[in-house]
Amino acid sequence: MKRIIYILTGIVLLSLSSCSDFLEPKSQSEYVPKDANALQEMLIGSAYPKQDKSNFLLPFLSFLDDDIQFHKTDYEFSINSLKNIEAKQAVYTWQPDMFFIMERNGYPLQNIWEGYYNYILGANAALDYIGDVNGTEAEKNYVIAQSLGLRAFYYFMLVNHFGAPYNYNKQALGVPLKLDSNLLPEDQLLMTRNTVEEVYNQIVDDLNEAERLFLTLSKDKQYEPNYLVSLPMIQLLKSRVFLYMENWKDAAIYANKVIKDWSFALVDLNNLPSPTVAEPYYNFTSLKSSEVIWLYGSVSDLTVFNDESVEYEEEGYFGNTTTYYREAFIASDNLIESFEDGDLRKEKYIAKEFNKDDKVFYEDSYTTFGKYKLSATGEPSGSENFALSFRLGEAYLNLAEAAAHNNDESTALSALKTLLAKRYEPDKFVEPTGLTGDALKTFIKNERRKELCFEGQRWFDLRRYGMPQIIHRWGEQVYTLKQNDPSYTMPIPDAVLIKNKKLEQNPLAPKRES
C-alpha cells in the first residue's frame, strides 16, 4: 500500500500552490506524487530553505556573537517599539527565558526548532515516497541525494543551536532524530533527545550516502548552477562537519575536493565592478559570484533581530520637530579593528551605516549587513534574494585549519596565501610566512572571523573554540556571557516543551543581570 503524505495541522508540509501541477489529488488532505520529477518538485516546495522566509531558521546566528554591538549614540528606541525591543534585548543578552519574553511581549516567536523540523519532515517525506513513484534510477538517486543532504544540514544546524559543542561534550543531549515522515502511534509520538554524538553520526551517514548517490550521476547532474543541493555542497558540508568533530584528516580531504575537483574560483576583491549609486555593494550571495556553491535562506529571517533603528527628535522653529535615525546594532569595534590596512574585506563585505539626512554613508560606522543584495542605502533589499551561501572561501579556511592541526603547516600556509592574495590590495599584502604552532592556529581563527563575518558561522565557531567570554553592552548596561556559559547552548522554546513533555530542557544559566 502506498504511503500517504499528510498535511498536518499547523505545519504546511507541501506547498500546494507550487506543486499542484505535479501531484495527483486523492482527497482534501492527501497528495500522491506520480513520478520522480513530481517528487523533486515536492522536495523543492517542502524541504528547501528558499529566500521567501517560509520557516524561521537564521535569526539568532548574527545576534549572539562578538561581531555585533549596541550603537554608541545618544539616540533612543521609539516608544512604540518598546515591547519588541524588550524581546530583542532578551536575545541579545542571552537570557534563559528569551522565548518566554518574546511571547509575553507579543513579539513573533522565532521558533527555529519548529522551522528546522518542518524542513526535515519535507526531506523525510521525499525519502519515504521515493520507492512508490515512477522514474529512472538516476532520477530517484538525485532526489534521494538532495533529501539526505538537506536533512544532514538541518540536523547540523539544530544540534549546534540546541546541543553542546561536539568537542566539549558529545554525550550531552542533542536533538531528537526523526528519520521518516510517518505519523507515529500515540504512545510513540513524543520523542526524546538523542545525544550530540548520535546526531553527528547520523549527519555523517546521511552525507556519506548522499555523496555516494551523487557519484552515480553524470557530471552535469552532480553540480548545476542553481539553488539545489549538489555534490560540492555535500563535500563542503562534510568538511565543515569533520572540522567541528576535530577529524582533521577528513576535513582537509573534503576541503581539497571542493577546491581541486570543481571550477569554482576565488573572487578577487581588487577586481569587483565599480560601486554605483543604486548598487553600492557587490552581491556575493549570488550565482554570479564564482565562489558560490549553494544558496539558502531569507535575508529578512537572518536580520530580523539586528535590523532595528533608534531615533533622536530635535525641536526646530515654529514648533516643528525633526526626527533623525541611526542603526541600533552595528558591527563591533573589535571586529572592525581586526582588519589590517589594505584588507579589502572591511569595505567590501560590511556595509557602512547610511546617513539618511545627508544621503551619504558614515565613514566611521559599519552595520551588520553585507555580502547579500543591499539597497542604495546599504540595507537588506528584496525578498527575492538569498541570505547566505556555501562558498569557496570557507573551503580554503577549512583546509588551513585542518592542516594546521594535522601537523601539515606548509599546506595551511599555502591555503592562507591563496585566499588572502585575493583579499588584499597587492602592494599591502604580506604573505603569512613563519607562523607555526598555536600562533598559526590563532591566525587562522582570526582570518576565519574576518572572511566569514555575518555569514552565521561565528557563533558556532566560538562554541567549538572553547566558548570564550563575550561582553554585550546595552546602553550603560553591561552583560557578560562567561566562558563555558550554559547559554552557549540555546534553551528549547517553551512552545516546543509544552507540546512534547518528554523533551528535557537544556541546563539554563541564571537570569543575566547587568
# chains A, B, ... in the order shown; residues from 1 in each chain; ligands from 1
$ residues_around --residues "A:Asp494" --least-positions-apart "5" --cutoff "12 Å" --atoms "only C-alpha atoms" --output "PDB file with C-alpha atoms, in the first residue's frame"
ATOM      1  CA  PRO A  96      17.497  31.902  29.601  1.00  0.00           C
ATOM      2  CA  ASP A  97      13.816  32.852  29.219  1.00  0.00           C
ATOM      3  CA  MET A  98      14.212  34.653  25.869  1.00  0.00           C
ATOM      4  CA  PHE A  99      11.401  32.687  24.218  1.00  0.00           C
ATOM      5  CA  PHE A 100       9.008  33.380  27.102  1.00  0.00           C
ATOM      6  CA  ILE A 101       9.820  37.103  26.880  1.00  0.00           C
ATOM      7  CA  MET A 102       9.102  37.062  23.143  1.00  0.00           C
ATOM      8  CA  GLU A 103       5.681  35.561  23.737  1.00  0.00           C
ATOM      9  CA  ARG A 104       4.904  37.800  26.703  1.00  0.00           C
ATOM     10  CA  LEU A 109       8.154  33.785  18.179  1.00  0.00           C
ATOM     11  CA  GLN A 110      11.356  32.891  16.338  1.00  0.00           C
ATOM     12  CA  ASN A 111      10.755  29.163  16.744  1.00  0.00           C
ATOM     13  CA  TRP A 113      13.208  24.361  16.363  1.00  0.00           C
ATOM     14  CA  GLU A 114       9.889  24.032  14.571  1.00  0.00           C
ATOM     15  CA  LYS A 499       3.896  20.070  23.016  1.00  0.00           C
ATOM     16  CA  ASN A 500       6.414  17.373  23.930  1.00  0.00           C
ATOM     17  CA  LYS A 501       6.581  16.593  27.640  1.00  0.00           C
ATOM     18  CA  LEU A 503      11.839  16.700  25.976  1.00  0.00           C
ATOM     19  CA  GLU A 504      14.343  17.707  28.615  1.00  0.00           C
ATOM     20  CA  GLN A 505      15.281  21.392  28.720  1.00  0.00           C
ATOM     21  CA  ASN A 506      18.943  22.346  28.431  1.00  0.00           C
TER      22      ASN A 506
END
$ residues_around --residues "A:Ile68" --least-positions-apart "5" --cutoff "8 Å" --atoms "only C-alpha atoms" --output "PyMOL selection string"
chain A and resi 62-63+329-332+368
$ write_last_selection --atoms "N, CA and C atoms" --output "short mmCIF file (atom, residue, chain, number, x, y, z; two decimals), in the first residue's frame"
data_model
loop_
_atom_site.label_atom_id
_atom_site.label_comp_id
_atom_site.auth_asym_id
_atom_site.auth_seq_id
_atom_site.Cartn_x
_atom_site.Cartn_y
_atom_site.Cartn_z
N SER A 62 23.39 35.90 13.85
CA SER A 62 24.19 37.12 13.81
C SER A 62 23.89 38.06 14.96
N PHE A 63 23.34 37.52 16.05
CA PHE A 63 22.89 38.39 17.13
C PHE A 63 23.47 38.00 18.49
N PHE A 329 22.02 48.44 16.04
CA PHE A 329 23.09 47.46 16.21
C PHE A 329 24.08 47.60 15.07
N ILE A 330 25.34 47.61 15.40
CA ILE A 330 26.38 47.83 14.40
C ILE A 330 27.48 46.77 14.54
N ALA A 331 28.35 46.71 13.57
CA ALA A 331 29.49 45.81 13.65
C ALA A 331 30.37 46.23 14.83
N SER A 332 30.87 45.25 15.57
CA SER A 332 31.62 45.55 16.79
C SER A 332 32.96 46.22 16.47
N THR A 368 25.66 45.63 10.43
CA THR A 368 25.80 44.17 10.49
C THR A 368 25.28 43.53 9.20
#
$ closest_residue --among "A:Lys140, A:Arg240, A:Lys356, A:Ala90" --to "A:Met157" --atoms "only C-alpha atoms"
A:Arg240
$ closest_residue --among "A:Phe214, A:Tyr154, A:Tyr166, A:Tyr281" --to "A:Asn141" --atoms "only C-alpha atoms"
A:Phe214
$ residues_around --residues "A:Asn194" --least-positions-apart "2" --cutoff "6 Å" --atoms "only C-alpha atoms" --output "PyMOL selection string"
chain A and resi 173-176
$ write_last_selection --atoms "N, CA and C atoms" --output "PDB file, in the first residue's frame"
ATOM      1  N   LEU A 173      22.903  15.966  25.657  1.00  0.00           N
ATOM      2  CA  LEU A 173      21.690  15.834  24.864  1.00  0.00           C
ATOM      3  C   LEU A 173      21.762  16.737  23.642  1.00  0.00           C
ATOM      4  N   GLY A 174      21.393  16.169  22.500  1.00  0.00           N
ATOM      5  CA  GLY A 174      21.321  16.941  21.267  1.00  0.00           C
ATOM      6  C   GLY A 174      19.875  17.232  20.918  1.00  0.00           C
ATOM      7  N   VAL A 175      19.401  16.684  19.812  1.00  0.00           N
ATOM      8  CA  VAL A 175      18.012  16.871  19.382  1.00  0.00           C
ATOM      9  C   VAL A 175      17.454  15.512  18.966  1.00  0.00           C
ATOM     10  N   PRO A 176      16.132  15.365  18.955  1.00  0.00           N
ATOM     11  CA  PRO A 176      15.540  14.088  18.533  1.00  0.00           C
ATOM     12  C   PRO A 176      15.802  13.819  17.051  1.00  0.00           C
TER      13      PRO A 176
END
$ atom_distance --atom1 "atom CA of A:Glu409" --atom2 "atom CA of A:Ala255"
15.5 Å
$ residues_around --residues "A:Lys249" --least-positions-apart "3" --cutoff "8 Å" --atoms "only C-alpha atoms" --output "list in words"
Ala252, Ile253, Ala402, Ala403 and Asn406 of chain A
$ write_last_selection --atoms "N, CA and C atoms" --output "CSV table (one decimal), in the first residue's frame"
chain,number,residue,atom,x,y,z
A,252,ALA,N,40.3,18.1,5.9
A,252,ALA,CA,41.2,18.5,4.8
A,252,ALA,C,40.9,17.9,3.5
A,253,ILE,N,40.6,16.6,3.5
A,253,ILE,CA,40.4,15.8,2.3
A,253,ILE,C,39.2,16.4,1.6
A,402,ALA,N,42.4,22.6,9.3
A,402,ALA,CA,42.6,21.1,9.5
A,402,ALA,C,44.1,20.8,9.3
A,403,ALA,N,44.7,21.4,8.3
A,403,ALA,CA,46.1,21.1,8.1
A,403,ALA,C,47.0,21.5,9.2
A,406,ASN,N,46.8,19.1,11.9
A,406,ASN,CA,47.3,17.8,11.5
A,406,ASN,C,48.8,17.8,11.1
$ closest_residue --among "A:Ile498, A:Ile130, A:Ile144, A:Ala509" --to "A:Val229" --atoms "only C-alpha atoms"
A:Ile144
$ select_by_dssp --residues "stretch 311-363 of chain A" --states "helix (DSSP H, G or I)" --output "PyMOL selection string"
chain A and resi 317-319+333-337+345-349
$ atom_distance --atom1 "atom CA of A:Ser290" --atom2 "atom CA of A:Ala265"
5.3 Å
$ select_by_dssp --residues "stretch 111-352 of chain A" --states "strand (DSSP E)" --output "list in words"
Val292, Ile293, Trp294, Leu295, Tyr296, Gly297, Ser298, Ser309, Val310, Glu311, Tyr312, Glu313, Glu314, Glu315, Thr321, Thr322, Thr323, Tyr324, Tyr325, Arg326, Glu327, Phe329, Ile330, Ala331 and Lys352 of chain A
$ residues_around --residues "A:Pro165" --least-positions-apart "4" --cutoff "12 Å" --atoms "only C-alpha atoms" --output "VMD selection string"
chain A and resid 156 to 161 169 to 174 195 to 197 199 to 200 241 243 to 246 459 to 467 484 to 490
$ atom_distance --atom1 "atom CA of A:Asn256" --atom2 "atom CA of A:Thr411"
10.7 Å
$ residues_around --residues "A:Pro280" --least-positions-apart "5" --cutoff "12 Å" --atoms "only C-alpha atoms" --output "PyMOL selection string"
chain A and resi 272-275+347-354+360-361+370-379
$ residues_around --residues "stretch 475-482 of chain A" --least-positions-apart "4" --cutoff "12 Å" --atoms "only C-alpha atoms" --output "PyMOL selection string"
chain A and resi 64-66+69-77+89-96+310+328-329+462-463+466-471+486-489+509-514
$ write_last_selection --atoms "C-alpha atoms" --output "compact mmCIF listing (two decimals), in the first residue's frame"
# COMPACT_ATOMS: atom_id res chain seq x y z
CA LEU A 64 24.61 36.36 19.84
CA ASP A 65 28.31 36.59 18.99
CA ASP A 66 31.07 39.19 19.36
CA GLN A 69 27.45 45.63 19.34
CA PHE A 70 24.90 48.16 20.59
CA HIS A 71 25.02 51.61 18.98
CA LYS A 72 27.23 54.29 20.51
CA THR A 73 24.91 57.28 20.09
CA ASP A 74 22.51 59.02 22.47
CA TYR A 75 19.58 58.03 20.25
CA GLU A 76 16.75 56.01 21.78
CA PHE A 77 14.23 53.41 20.68
CA GLN A 89 17.19 42.67 24.45
CA ALA A 90 16.43 39.27 25.96
CA VAL A 91 18.06 37.55 23.00
CA TYR A 92 20.99 39.96 22.73
CA THR A 93 21.80 39.48 26.44
CA TRP A 94 21.46 35.68 26.30
CA GLN A 95 18.54 35.47 28.74
CA PRO A 96 17.50 31.90 29.60
CA VAL A 310 16.97 54.23 17.15
CA ALA A 328 20.57 50.25 16.75
CA PHE A 329 23.09 47.46 16.21
CA LEU A 462 33.09 30.40 19.24
CA ARG A 463 31.34 27.36 20.69
CA GLY A 466 36.20 26.82 23.93
CA MET A 467 33.21 29.13 24.46
CA PRO A 468 35.17 32.27 25.44
CA GLN A 469 33.74 35.17 27.43
CA ILE A 470 31.70 37.72 25.44
CA ILE A 471 30.52 41.13 26.63
CA PRO A 486 25.32 27.36 29.71
CA SER A 487 23.82 29.96 27.36
CA TYR A 488 26.30 28.93 24.67
CA THR A 489 23.63 26.27 24.15
CA ALA A 509 22.09 29.97 33.19
CA PRO A 510 20.62 32.22 35.91
CA LYS A 511 18.76 35.32 34.79
CA ARG A 512 21.50 37.53 33.37
CA GLU A 513 21.72 40.88 35.14
CA SER A 514 23.64 43.97 34.10
$ closest_residue --among "A:Leu82, A:Val304, A:Val143, A:Leu399" --to "A:Trp248" --atoms "only C-alpha atoms"
A:Leu399
$ closest_atom_pairs --of "stretch 263-361 of chain A" --to "stretch 42-49 of chain A" --cutoff "12 Å" --atoms "only C-alpha atoms" --output "tab-separated table"
residue	atom	partner	partner_atom	distance
A:Trp294	CA	A:Pro49	CA	11.0
A:Leu295	CA	A:Pro49	CA	8.8
A:Tyr296	CA	A:Pro49	CA	5.5
A:Gly297	CA	A:Pro49	CA	5.2
A:Ser298	CA	A:Pro49	CA	7.8
A:Val299	CA	A:Pro49	CA	11.4
A:Asp301	CA	A:Pro49	CA	10.9
